[in-house]
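The file start18.pdb comes next; it holds PDB, C-alpha atoms, pLDDT in the B column.
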```pdb
ATOM      1  CA  MET M   1     -95.456  88.332-128.557  1.00 41.00           C
ATOM      2  CA  ALA M   2     -97.581  85.189-128.579  1.00 37.00           C
ATOM      3  CA  ARG M   3     -99.431  84.450-131.790  1.00 43.00           C
ATOM      4  CA  THR M   4    -101.474  81.443-130.865  1.00 40.00           C
ATOM      5  CA  GLY M   5    -104.994  80.638-129.864  1.00 50.00           C
ATOM      6  CA  GLY M   6    -106.129  77.462-128.196  1.00 60.00           C
ATOM      7  CA  LEU M   7    -105.999  74.327-130.301  1.00 64.00           C
ATOM      8  CA  THR M   8    -108.891  71.902-130.352  1.00 70.00           C
ATOM      9  CA  THR M   9    -108.354  68.332-129.180  1.00 67.00           C
ATOM     10  CA  LYS M  10    -108.325  67.141-132.802  1.00 70.00           C
ATOM     11  CA  ALA M  11    -105.755  69.786-133.739  1.00 73.00           C
ATOM     12  CA  LYS M  12    -103.589  68.810-130.759  1.00 73.00           C
ATOM     13  CA  ILE M  13    -103.693  65.165-131.774  1.00 72.00           C
ATOM     14  CA  THR M  14    -102.922  66.061-135.394  1.00 76.00           C
ATOM     15  CA  LYS M  15     -99.950  68.119-134.287  1.00 73.00           C
ATOM     16  CA  ALA M  16     -98.708  65.379-131.934  1.00 75.00           C
ATOM     17  CA  ILE M  17     -98.880  62.752-134.681  1.00 75.00           C
ATOM     18  CA  LEU M  18     -97.093  65.005-137.165  1.00 75.00           C
ATOM     19  CA  ILE M  19     -94.367  65.754-134.612  1.00 74.00           C
ATOM     20  CA  SER M  20     -93.988  62.024-133.849  1.00 73.00           C
ATOM     21  CA  LEU M  21     -93.517  61.316-137.535  1.00 74.00           C
ATOM     22  CA  ALA M  22     -91.182  64.263-138.076  1.00 72.00           C
ATOM     23  CA  VAL M  23     -88.949  63.141-135.227  1.00 69.00           C
ATOM     24  CA  GLY M  24     -89.055  59.437-136.050  1.00 66.00           C
ATOM     25  CA  GLY M  25     -89.243  59.448-139.851  1.00 63.00           C
ATOM     26  CA  PHE M  26     -90.965  56.111-140.439  1.00 56.00           C
ATOM     27  CA  ILE M  27     -92.954  54.847-137.478  1.00 55.00           C
ATOM     28  CA  THR M  28     -95.043  51.700-137.177  1.00 56.00           C
ATOM     29  CA  LEU M  29     -98.683  52.430-136.559  1.00 54.00           C
ATOM     30  CA  GLU M  30     -98.443  50.455-133.333  1.00 51.00           C
ATOM     31  CA  VAL M  31     -95.978  53.084-132.091  1.00 49.00           C
ATOM     32  CA  VAL M  32     -97.624  56.227-133.504  1.00 48.00           C
ATOM     33  CA  ALA M  33    -100.744  56.149-131.349  1.00 47.00           C
ATOM     34  CA  PRO M  34     -99.050  55.684-127.945  1.00 48.00           C
ATOM     35  CA  ASN M  35     -96.380  58.294-128.776  1.00 48.00           C
ATOM     36  CA  ALA M  36     -98.980  60.781-129.913  1.00 47.00           C
ATOM     37  CA  LEU M  37    -100.893  60.284-126.687  1.00 47.00           C
ATOM     38  CA  GLN M  38     -97.733  60.781-124.610  1.00 51.00           C
ATOM     39  CA  LEU M  39     -96.989  64.031-126.446  1.00 47.00           C
ATOM     40  CA  LEU M  40    -100.477  65.276-125.679  1.00 46.00           C
ATOM     41  CA  GLY M  41    -100.133  64.706-121.958  1.00 50.00           C
ATOM     42  CA  PRO M  42    -102.129  67.373-120.121  1.00 46.00           C
ATOM     43  CA  LEU M  43    -103.313  69.039-123.339  1.00 43.00           C
ATOM     44  CA  VAL M  44    -106.331  66.765-123.750  1.00 46.00           C
ATOM     45  CA  ASP M  45    -109.531  67.305-121.763  1.00 48.00           C
ATOM     46  CA  LYS M  46    -109.504  65.585-118.395  1.00 47.00           C
ATOM     47  CA  SER M  47    -113.198  64.769-118.672  1.00 47.00           C
ATOM     48  CA  LYS M  48    -114.261  61.128-118.790  1.00 47.00           C
ATOM     49  CA  ARG M  49    -115.223  61.516-122.421  1.00 51.00           C
ATOM     50  CA  GLY M  50    -111.877  63.111-123.347  1.00 50.00           C
ATOM     51  CA  LEU M  51    -109.819  60.385-121.657  1.00 46.00           C
ATOM     52  CA  SER M  52    -111.821  57.456-122.951  1.00 52.00           C
ATOM     53  CA  ASN M  53    -111.935  58.685-126.551  1.00 60.00           C
ATOM     54  CA  ARG M  54    -108.256  59.557-127.030  1.00 60.00           C
ATOM     55  CA  PRO M  55    -107.368  56.294-128.825  1.00 65.00           C
ATOM     56  CA  TYR M  56    -110.376  56.778-131.102  1.00 68.00           C
ATOM     57  CA  TYR M  57    -109.338  60.378-131.853  1.00 67.00           C
ATOM     58  CA  VAL M  58    -105.803  59.271-132.674  1.00 69.00           C
ATOM     59  CA  LYS M  59    -106.952  56.457-134.964  1.00 73.00           C
ATOM     60  CA  SER M  60    -109.476  58.638-136.795  1.00 77.00           C
ATOM     61  CA  THR M  61    -106.960  61.480-137.038  1.00 78.00           C
ATOM     62  CA  ILE M  62    -104.394  59.162-138.633  1.00 79.00           C
ATOM     63  CA  GLY M  63    -107.005  58.259-141.247  1.00 83.00           C
ATOM     64  CA  ARG M  64    -107.808  61.919-141.903  1.00 85.00           C
ATOM     65  CA  LEU M  65    -104.106  62.767-142.202  1.00 84.00           C
ATOM     66  CA  ALA M  66    -103.736  60.066-144.843  1.00 86.00           C
ATOM     67  CA  ASP M  67    -106.879  61.288-146.662  1.00 90.00           C
ATOM     68  CA  ARG M  68    -105.449  64.822-146.710  1.00 88.00           C
ATOM     69  CA  GLY M  69    -102.120  63.553-148.082  1.00 90.00           C
ATOM     70  CA  LEU M  70    -100.151  64.564-144.982  1.00 85.00           C
ATOM     71  CA  ILE M  71     -98.964  61.008-144.280  1.00 84.00           C
ATOM     72  CA  VAL M  72     -98.607  57.842-146.341  1.00 85.00           C
ATOM     73  CA  PHE M  73     -98.627  54.223-145.285  1.00 83.00           C
ATOM     74  CA  LYS M  74     -95.979  51.701-146.338  1.00 82.00           C
ATOM     75  CA  LYS M  75     -95.805  47.969-145.688  1.00 81.00           C
ATOM     76  CA  SER M  76     -92.500  46.444-144.685  1.00 78.00           C
ATOM     77  CA  LYS M  77     -91.242  42.998-145.647  1.00 83.00           C
ATOM     78  CA  ASN M  78     -92.317  41.663-142.259  1.00 81.00           C
ATOM     79  CA  GLY M  79     -95.903  42.822-142.897  1.00 79.00           C
ATOM     80  CA  LYS M  80     -95.970  45.751-140.469  1.00 80.00           C
ATOM     81  CA  THR M  81     -97.538  48.991-141.632  1.00 78.00           C
ATOM     82  CA  TYR M  82     -95.490  52.152-141.295  1.00 78.00           C
ATOM     83  CA  ALA M  83     -96.593  55.774-141.545  1.00 80.00           C
ATOM     84  CA  ARG M  84     -94.376  58.426-143.096  1.00 82.00           C
ATOM     85  CA  LEU M  85     -94.746  62.196-143.197  1.00 81.00           C
ATOM     86  CA  THR M  86     -95.154  63.594-146.732  1.00 85.00           C
ATOM     87  CA  ASP M  87     -93.869  66.949-147.960  1.00 85.00           C
ATOM     88  CA  LYS M  88     -97.401  68.279-147.530  1.00 87.00           C
ATOM     89  CA  GLY M  89     -97.329  66.973-143.942  1.00 84.00           C
ATOM     90  CA  LYS M  90     -94.043  68.775-143.321  1.00 82.00           C
ATOM     91  CA  GLN M  91     -95.702  71.982-144.563  1.00 81.00           C
ATOM     92  CA  GLU M  92     -98.586  71.455-142.138  1.00 82.00           C
ATOM     93  CA  LEU M  93     -96.137  70.997-139.284  1.00 80.00           C
ATOM     94  CA  LEU M  94     -94.379  74.235-140.293  1.00 79.00           C
ATOM     95  CA  LYS M  95     -97.757  75.974-140.153  1.00 79.00           C
ATOM     96  CA  TYR M  96     -98.242  74.821-136.556  1.00 76.00           C
ATOM     97  CA  ARG M  97     -94.766  76.035-135.623  1.00 75.00           C
ATOM     98  CA  LEU M  98     -95.424  79.414-137.231  1.00 72.00           C
ATOM     99  CA  GLU M  99     -98.730  79.801-135.388  1.00 74.00           C
ATOM    100  CA  GLU M 100     -97.115  79.078-132.040  1.00 72.00           C
ATOM    101  CA  LEU M 101     -93.922  81.060-132.489  1.00 67.00           C
ATOM    102  CA  VAL M 102     -93.193  83.628-129.824  1.00 69.00           C
ATOM    103  CA  VAL M 103     -90.868  86.556-130.475  1.00 70.00           C
ATOM    104  CA  ASN M 104     -89.479  87.824-127.193  1.00 75.00           C
ATOM    105  CA  THR M 105     -89.332  91.549-126.619  1.00 83.00           C
ATOM    106  CA  PRO M 106     -86.155  92.410-124.700  1.00 83.00           C
ATOM    107  CA  ARG M 107     -86.205  94.984-121.912  1.00 86.00           C
ATOM    108  CA  GLN M 108     -83.806  97.203-123.798  1.00 90.00           C
ATOM    109  CA  TRP M 109     -83.720  97.718-127.558  1.00 93.00           C
ATOM    110  CA  ASP M 110     -80.327  96.928-129.127  1.00 93.00           C
ATOM    111  CA  GLY M 111     -80.596  99.912-131.520  1.00 94.00           C
ATOM    112  CA  LYS M 112     -80.836  97.703-134.619  1.00 96.00           C
ATOM    113  CA  TRP M 113     -83.721  97.499-137.061  1.00 97.00           C
ATOM    114  CA  ARG M 114     -84.863  94.222-138.586  1.00 96.00           C
ATOM    115  CA  VAL M 115     -85.889  94.905-142.163  1.00 97.00           C
ATOM    116  CA  VAL M 116     -87.757  92.498-144.396  1.00 96.00           C
ATOM    117  CA  THR M 117     -87.879  93.228-148.086  1.00 96.00           C
ATOM    118  CA  PHE M 118     -89.412  91.032-150.717  1.00 95.00           C
ATOM    119  CA  ASP M 119     -89.996  90.822-154.442  1.00 93.00           C
ATOM    120  CA  ILE M 120     -92.611  88.131-154.947  1.00 91.00           C
ATOM    121  CA  LYS M 121     -93.966  87.602-158.438  1.00 89.00           C
ATOM    122  CA  GLU M 122     -97.664  87.946-159.234  1.00 87.00           C
ATOM    123  CA  LEU M 123     -97.814  84.183-159.710  1.00 88.00           C
ATOM    124  CA  LYS M 124     -97.364  83.855-155.920  1.00 88.00           C
ATOM    125  CA  ARG M 125     -99.730  86.671-155.031  1.00 90.00           C
ATOM    126  CA  GLN M 126    -101.545  84.598-152.405  1.00 91.00           C
ATOM    127  CA  ALA M 127     -98.260  83.852-150.593  1.00 88.00           C
ATOM    128  CA  ARG M 128     -97.320  87.535-150.799  1.00 91.00           C
ATOM    129  CA  ASP M 129    -100.642  88.595-149.254  1.00 92.00           C
ATOM    130  CA  ARG M 130    -100.346  86.017-146.472  1.00 88.00           C
ATOM    131  CA  LEU M 131     -96.764  87.120-145.827  1.00 91.00           C
ATOM    132  CA  ARG M 132     -97.961  90.695-145.316  1.00 93.00           C
ATOM    133  CA  GLN M 133    -100.618  89.469-142.880  1.00 90.00           C
ATOM    134  CA  GLU M 134     -98.005  87.504-140.926  1.00 88.00           C
ATOM    135  CA  LEU M 135     -95.712  90.539-140.725  1.00 92.00           C
ATOM    136  CA  VAL M 136     -98.555  92.757-139.515  1.00 92.00           C
ATOM    137  CA  SER M 137     -99.629  90.173-136.926  1.00 87.00           C
ATOM    138  CA  LEU M 138     -96.114  90.094-135.494  1.00 88.00           C
ATOM    139  CA  GLY M 139     -96.001  93.886-135.323  1.00 91.00           C
ATOM    140  CA  PHE M 140     -93.884  94.870-138.333  1.00 94.00           C
ATOM    141  CA  VAL M 141     -94.458  98.373-139.673  1.00 96.00           C
ATOM    142  CA  HIS M 142     -94.784  99.040-143.399  1.00 95.00           C
ATOM    143  CA  LEU M 143     -91.893 101.290-144.449  1.00 94.00           C
ATOM    144  CA  GLN M 144     -92.242 101.318-148.244  1.00 92.00           C
ATOM    145  CA  ASN M 145     -93.560  99.003-150.955  1.00 90.00           C
ATOM    146  CA  SER M 146     -92.517  95.496-149.936  1.00 92.00           C
ATOM    147  CA  VAL M 147     -90.294  96.837-147.139  1.00 96.00           C
ATOM    148  CA  TRP M 148     -91.218  96.166-143.516  1.00 97.00           C
ATOM    149  CA  VAL M 149     -89.385  96.993-140.301  1.00 97.00           C
ATOM    150  CA  TYR M 150     -89.307  95.638-136.753  1.00 96.00           C
ATOM    151  CA  PRO M 151     -87.003  96.531-133.839  1.00 96.00           C
ATOM    152  CA  TYR M 152     -86.410  93.097-132.292  1.00 94.00           C
ATOM    153  CA  GLU M 153     -84.628  89.918-133.290  1.00 92.00           C
ATOM    154  CA  CYS M 154     -86.934  87.602-135.233  1.00 90.00           C
ATOM    155  CA  ASP M 155     -84.605  85.410-137.318  1.00 90.00           C
ATOM    156  CA  GLU M 156     -86.461  82.181-136.554  1.00 87.00           C
ATOM    157  CA  PHE M 157     -89.806  83.704-137.500  1.00 88.00           C
ATOM    158  CA  ILE M 158     -88.475  84.943-140.841  1.00 91.00           C
ATOM    159  CA  THR M 159     -86.777  81.616-141.584  1.00 90.00           C
ATOM    160  CA  LEU M 160     -90.056  79.780-140.923  1.00 87.00           C
ATOM    161  CA  LEU M 161     -91.942  82.232-143.163  1.00 88.00           C
ATOM    162  CA  LYS M 162     -89.452  81.763-145.988  1.00 90.00           C
ATOM    163  CA  THR M 163     -89.671  77.994-145.662  1.00 87.00           C
ATOM    164  CA  TYR M 164     -93.445  77.784-145.255  1.00 86.00           C
ATOM    165  CA  TYR M 165     -94.235  80.085-148.182  1.00 86.00           C
ATOM    166  CA  LYS M 166     -91.307  78.738-150.257  1.00 87.00           C
ATOM    167  CA  LEU M 167     -89.918  82.210-150.873  1.00 88.00           C
ATOM    168  CA  GLY M 168     -86.191  81.469-151.008  1.00 88.00           C
ATOM    169  CA  LYS M 169     -84.286  84.469-152.303  1.00 91.00           C
ATOM    170  CA  SER M 170     -87.501  86.429-152.939  1.00 92.00           C
ATOM    171  CA  LEU M 171     -87.415  87.576-149.309  1.00 94.00           C
ATOM    172  CA  LEU M 172     -84.420  89.240-147.693  1.00 95.00           C
ATOM    173  CA  TYR M 173     -83.916  89.766-143.981  1.00 96.00           C
ATOM    174  CA  LEU M 174     -81.584  92.606-142.988  1.00 95.00           C
ATOM    175  CA  VAL M 175     -80.289  93.773-139.638  1.00 96.00           C
ATOM    176  CA  VAL M 176     -79.647  97.504-139.948  1.00 96.00           C
ATOM    177  CA  GLU M 177     -77.743  99.645-137.458  1.00 95.00           C
ATOM    178  CA  LYS M 178     -78.816 102.972-138.886  1.00 94.00           C
ATOM    179  CA  LEU M 179     -82.027 103.898-140.648  1.00 93.00           C
ATOM    180  CA  GLU M 180     -82.467 107.414-141.969  1.00 94.00           C
ATOM    181  CA  ASN M 181     -85.323 109.428-140.413  1.00 92.00           C
ATOM    182  CA  ASP M 182     -86.262 106.654-138.000  1.00 94.00           C
ATOM    183  CA  GLN M 183     -87.620 108.873-135.217  1.00 94.00           C
ATOM    184  CA  TRP M 184     -91.218 108.151-136.224  1.00 95.00           C
ATOM    185  CA  LEU M 185     -90.472 104.430-136.089  1.00 95.00           C
ATOM    186  CA  LYS M 186     -88.991 104.755-132.614  1.00 94.00           C
ATOM    187  CA  GLU M 187     -92.152 106.544-131.514  1.00 94.00           C
ATOM    188  CA  THR M 188     -94.358 103.935-133.171  1.00 94.00           C
ATOM    189  CA  PHE M 189     -92.593 101.121-131.282  1.00 92.00           C
ATOM    190  CA  GLY M 190     -92.238 103.143-128.065  1.00 91.00           C
ATOM    191  CA  LEU M 191     -88.420 103.122-128.184  1.00 90.00           C
ATOM    192  CA  LYS M 192     -85.934 105.660-126.809  1.00 74.00           C
TER     193      LYS M 192
END
```

Represent the structure of the file as structure tokens.
Amino acid sequence: MARTGGLTTKAKITKAILISLAVGGFITLEVVAPNALQLLGPLVDKSKRGLSNRPYYVKSTIGRLADRGLIVFKKSKNGKTYARLTDKGKQELLKYRLEELVVNTPRQWDGKWRVVTFDIKELKRQARDRLRQELVSLGFVHLQNSVWVYPYECDEFITLLKTYYKLGKSLLYLVVEKLENDQWLKETFGLK
């Protein structure tokens, strides 16, 4: 199931820069722009305006990323300026990965239920509400309070959710071979 819409040119450039920094750690600004453009490849408009303005978009995006606290600049002893991804930038990159994640639906169900259960304190209510929205958007079905079920493997999705929302042990992911009275769930998911 795909969970992504089309990204704007600015969003594509932002993502490409964040990925460049995540892969490279510290990168000189002279290297960031060309690498970001290479990552974009065919994703940027092929119009004259889109091609001619890519360096401008990259430069202005780097400035916006710094303003938002997603990257920081450091000067080396030789006077070159380096950009580094901040923790907030890593969170932003996780958000992009979560938005683009695809959970494949196999031809045949393996007979196992994927159960997510969580106990998230009121202090993190916003994260809890967003978590519910993410589960619904993937196709999870609400079983009981803070218990959700899905028939297909989605380990990576759950790991990204736990990391992005900083849930740690507040969220548990279970793979269950038998679930009492699950006929209604099988019907809901169209399983045999």

Would you write out, as a PDB file with C-alpha atoms, keeping the file's coordinate frame, every residue that the PyMOL selection byres ((chain M and resi 137-150) around 7) captures in this file?
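Saved as selection24.pdb:
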```
ATOM      1  CA  TRP M 113     -83.721  97.499-137.061  1.00 97.00           C
ATOM      2  CA  ARG M 114     -84.863  94.222-138.586  1.00 96.00           C
ATOM      3  CA  VAL M 115     -85.889  94.905-142.163  1.00 97.00           C
ATOM      4  CA  VAL M 116     -87.757  92.498-144.396  1.00 96.00           C
ATOM      5  CA  THR M 117     -87.879  93.228-148.086  1.00 96.00           C
ATOM      6  CA  PHE M 118     -89.412  91.032-150.717  1.00 95.00           C
ATOM      7  CA  ASP M 119     -89.996  90.822-154.442  1.00 93.00           C
ATOM      8  CA  GLN M 133    -100.618  89.469-142.880  1.00 90.00           C
ATOM      9  CA  GLU M 134     -98.005  87.504-140.926  1.00 88.00           C
ATOM     10  CA  LEU M 135     -95.712  90.539-140.725  1.00 92.00           C
ATOM     11  CA  VAL M 136     -98.555  92.757-139.515  1.00 92.00           C
ATOM     12  CA  PRO M 151     -87.003  96.531-133.839  1.00 96.00           C
ATOM     13  CA  TYR M 152     -86.410  93.097-132.292  1.00 94.00           C
TER      14      TYR M 152
END
```

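Using only C-alpha atoms for every distance, the candidate list M:Ala22, M:Ile17, M:Val103, M:Leu123 yields M:Ile17 as the residue closest to M:Ala66.
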
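Counting only C-alpha atoms and comparing M:Glu187, M:Glu177, M:Glu100, M:Glu92, the residue that lies closest to M:Ile19 is M:Glu92.
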
- Message: I need the residue nearest M:Glu156 from this list: M:Lys124, M:Lys12, M:Arg130, M:Arg97. Use all atoms listed in the file for the distance.
- Response: M:Arg97

- Query: In Å to one decimal, how far is atom CA of M:Arg125 from atom CA of M:Cys154?
  - Reply: 23.6 Å

- Figure out the distance between atom CA of M:Leu98 and atom CA of M:Lys15, please, to one decimal in Å.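 Answer for the atom CA of M:Lys15 to atom CA of M:Leu98 separation: 12.5 Å.
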
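Atom CA of M:Leu179 sits 28.9 Å away from atom CA of M:Tyr164.
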
- Hey, which of M:Leu172, M:Leu191, M:Ala127, M:Leu70 ends up closest to M:Lys112? Count only C-alpha atoms. M:Leu191

- Message: Measuring between only C-alpha atoms, which one of M:Leu18, M:Val176, M:Leu65, M:Leu185 shows the shortest distance to M:Leu93?
- Response: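 Smallest distance to M:Leu93 is found for M:Leu18.
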
- Query: For M:Leu160, which residue among M:Gln91, M:Thr8, M:Thr81, M:Gln108 is the nearest when counting only C-alpha atoms?
  - Reply: M:Gln91

Just need the box for stretch 170-173 of chain M, edges along x, y and z, holding every atom the file lists for it with 5 Å tacked onto each side, so centre and edge lengths in Å to one decimal, as AutoDock Vina command-line options.
```
--center_x -85.7 --center_y 88.1 --center_z -148.5 --size_x 13.6 --size_y 13.3 --size_z 19.0
```

Could I see stretch 57-83 of chain M restored to N, CA, C and O atoms, set down as a compact mmCIF listing (two decimals), in the coordinates of the input?
```txt
# COMPACT_ATOMS: atom_id res chain seq x y z
N TYR M 57 -109.75 59.14 -131.18
CA TYR M 57 -109.34 60.38 -131.85
C TYR M 57 -108.04 60.18 -132.63
O TYR M 57 -107.89 60.64 -133.75
N VAL M 58 -107.09 59.49 -132.02
CA VAL M 58 -105.80 59.27 -132.67
C VAL M 58 -105.99 58.44 -133.93
O VAL M 58 -105.50 58.79 -135.00
N LYS M 59 -106.74 57.34 -133.81
CA LYS M 59 -106.95 56.46 -134.96
C LYS M 59 -107.67 57.19 -136.09
O LYS M 59 -107.27 57.12 -137.26
N SER M 60 -108.73 57.93 -135.75
CA SER M 60 -109.48 58.64 -136.79
C SER M 60 -108.64 59.78 -137.38
O SER M 60 -108.73 60.07 -138.57
N THR M 61 -107.81 60.40 -136.55
CA THR M 61 -106.96 61.48 -137.04
C THR M 61 -105.92 60.94 -138.01
O THR M 61 -105.64 61.57 -139.04
N ILE M 62 -105.37 59.78 -137.71
CA ILE M 62 -104.39 59.16 -138.63
C ILE M 62 -105.05 58.93 -140.00
O ILE M 62 -104.46 59.22 -141.03
N GLY M 63 -106.28 58.46 -139.99
CA GLY M 63 -107.00 58.26 -141.25
C GLY M 63 -107.22 59.57 -141.99
O GLY M 63 -107.03 59.64 -143.22
N ARG M 64 -107.60 60.61 -141.26
CA ARG M 64 -107.81 61.92 -141.90
C ARG M 64 -106.51 62.48 -142.46
O ARG M 64 -106.48 63.10 -143.52
N LEU M 65 -105.41 62.28 -141.72
CA LEU M 65 -104.11 62.77 -142.20
C LEU M 65 -103.74 62.09 -143.51
O LEU M 65 -103.20 62.72 -144.42
N ALA M 66 -104.02 60.80 -143.60
CA ALA M 66 -103.74 60.07 -144.84
C ALA M 66 -104.65 60.57 -145.96
O ALA M 66 -104.19 60.78 -147.09
N ASP M 67 -105.94 60.78 -145.66
CA ASP M 67 -106.88 61.29 -146.66
C ASP M 67 -106.45 62.66 -147.19
O ASP M 67 -106.64 62.96 -148.36
N ARG M 68 -105.89 63.47 -146.31
CA ARG M 68 -105.45 64.82 -146.71
C ARG M 68 -104.07 64.81 -147.39
O ARG M 68 -103.59 65.85 -147.83
N GLY M 69 -103.43 63.65 -147.43
CA GLY M 69 -102.12 63.55 -148.08
C GLY M 69 -100.97 64.02 -147.21
O GLY M 69 -99.89 64.31 -147.71
N LEU M 70 -101.20 64.10 -145.89
CA LEU M 70 -100.15 64.56 -144.98
C LEU M 70 -99.24 63.41 -144.54
O LEU M 70 -98.09 63.63 -144.17
N ILE M 71 -99.77 62.20 -144.58
CA ILE M 71 -98.96 61.01 -144.28
C ILE M 71 -99.29 59.93 -145.31
O ILE M 71 -100.35 59.98 -145.95
N VAL M 72 -98.37 59.00 -145.48
CA VAL M 72 -98.61 57.84 -146.34
C VAL M 72 -98.27 56.59 -145.55
O VAL M 72 -97.46 56.64 -144.61
N PHE M 73 -98.89 55.50 -145.94
CA PHE M 73 -98.63 54.22 -145.28
C PHE M 73 -97.78 53.35 -146.21
O PHE M 73 -97.99 53.32 -147.41
N LYS M 74 -96.84 52.63 -145.61
CA LYS M 74 -95.98 51.70 -146.34
C LYS M 74 -95.99 50.38 -145.58
O LYS M 74 -96.06 50.36 -144.36
N LYS M 75 -95.91 49.29 -146.32
CA LYS M 75 -95.80 47.97 -145.69
C LYS M 75 -94.37 47.50 -145.79
O LYS M 75 -93.73 47.60 -146.83
N SER M 76 -93.86 46.98 -144.69
CA SER M 76 -92.50 46.44 -144.68
C SER M 76 -92.53 44.97 -145.10
O SER M 76 -93.59 44.37 -145.23
N LYS M 77 -91.35 44.40 -145.26
CA LYS M 77 -91.24 43.00 -145.65
C LYS M 77 -91.83 42.07 -144.59
O LYS M 77 -92.33 41.00 -144.92
N ASN M 78 -91.77 42.50 -143.33
CA ASN M 78 -92.32 41.66 -142.26
C ASN M 78 -93.82 41.86 -142.06
O ASN M 78 -94.40 41.32 -141.14
N GLY M 79 -94.45 42.66 -142.93
CA GLY M 79 -95.90 42.82 -142.90
C GLY M 79 -96.42 43.95 -142.02
O GLY M 79 -97.61 44.18 -141.96
N LYS M 80 -95.53 44.64 -141.31
CA LYS M 80 -95.97 45.75 -140.47
C LYS M 80 -96.23 46.98 -141.34
O LYS M 80 -95.56 47.20 -142.34
N THR M 81 -97.20 47.77 -140.92
CA THR M 81 -97.54 48.99 -141.63
C THR M 81 -96.84 50.17 -140.96
O THR M 81 -96.90 50.32 -139.74
N TYR M 82 -96.19 50.97 -141.77
CA TYR M 82 -95.49 52.15 -141.29
C TYR M 82 -96.16 53.40 -141.84
O TYR M 82 -96.71 53.39 -142.94
N ALA M 83 -96.10 54.47 -141.09
CA ALA M 83 -96.59 55.77 -141.54
C ALA M 83 -95.38 56.68 -141.75
O ALA M 83 -94.40 56.60 -141.01
```
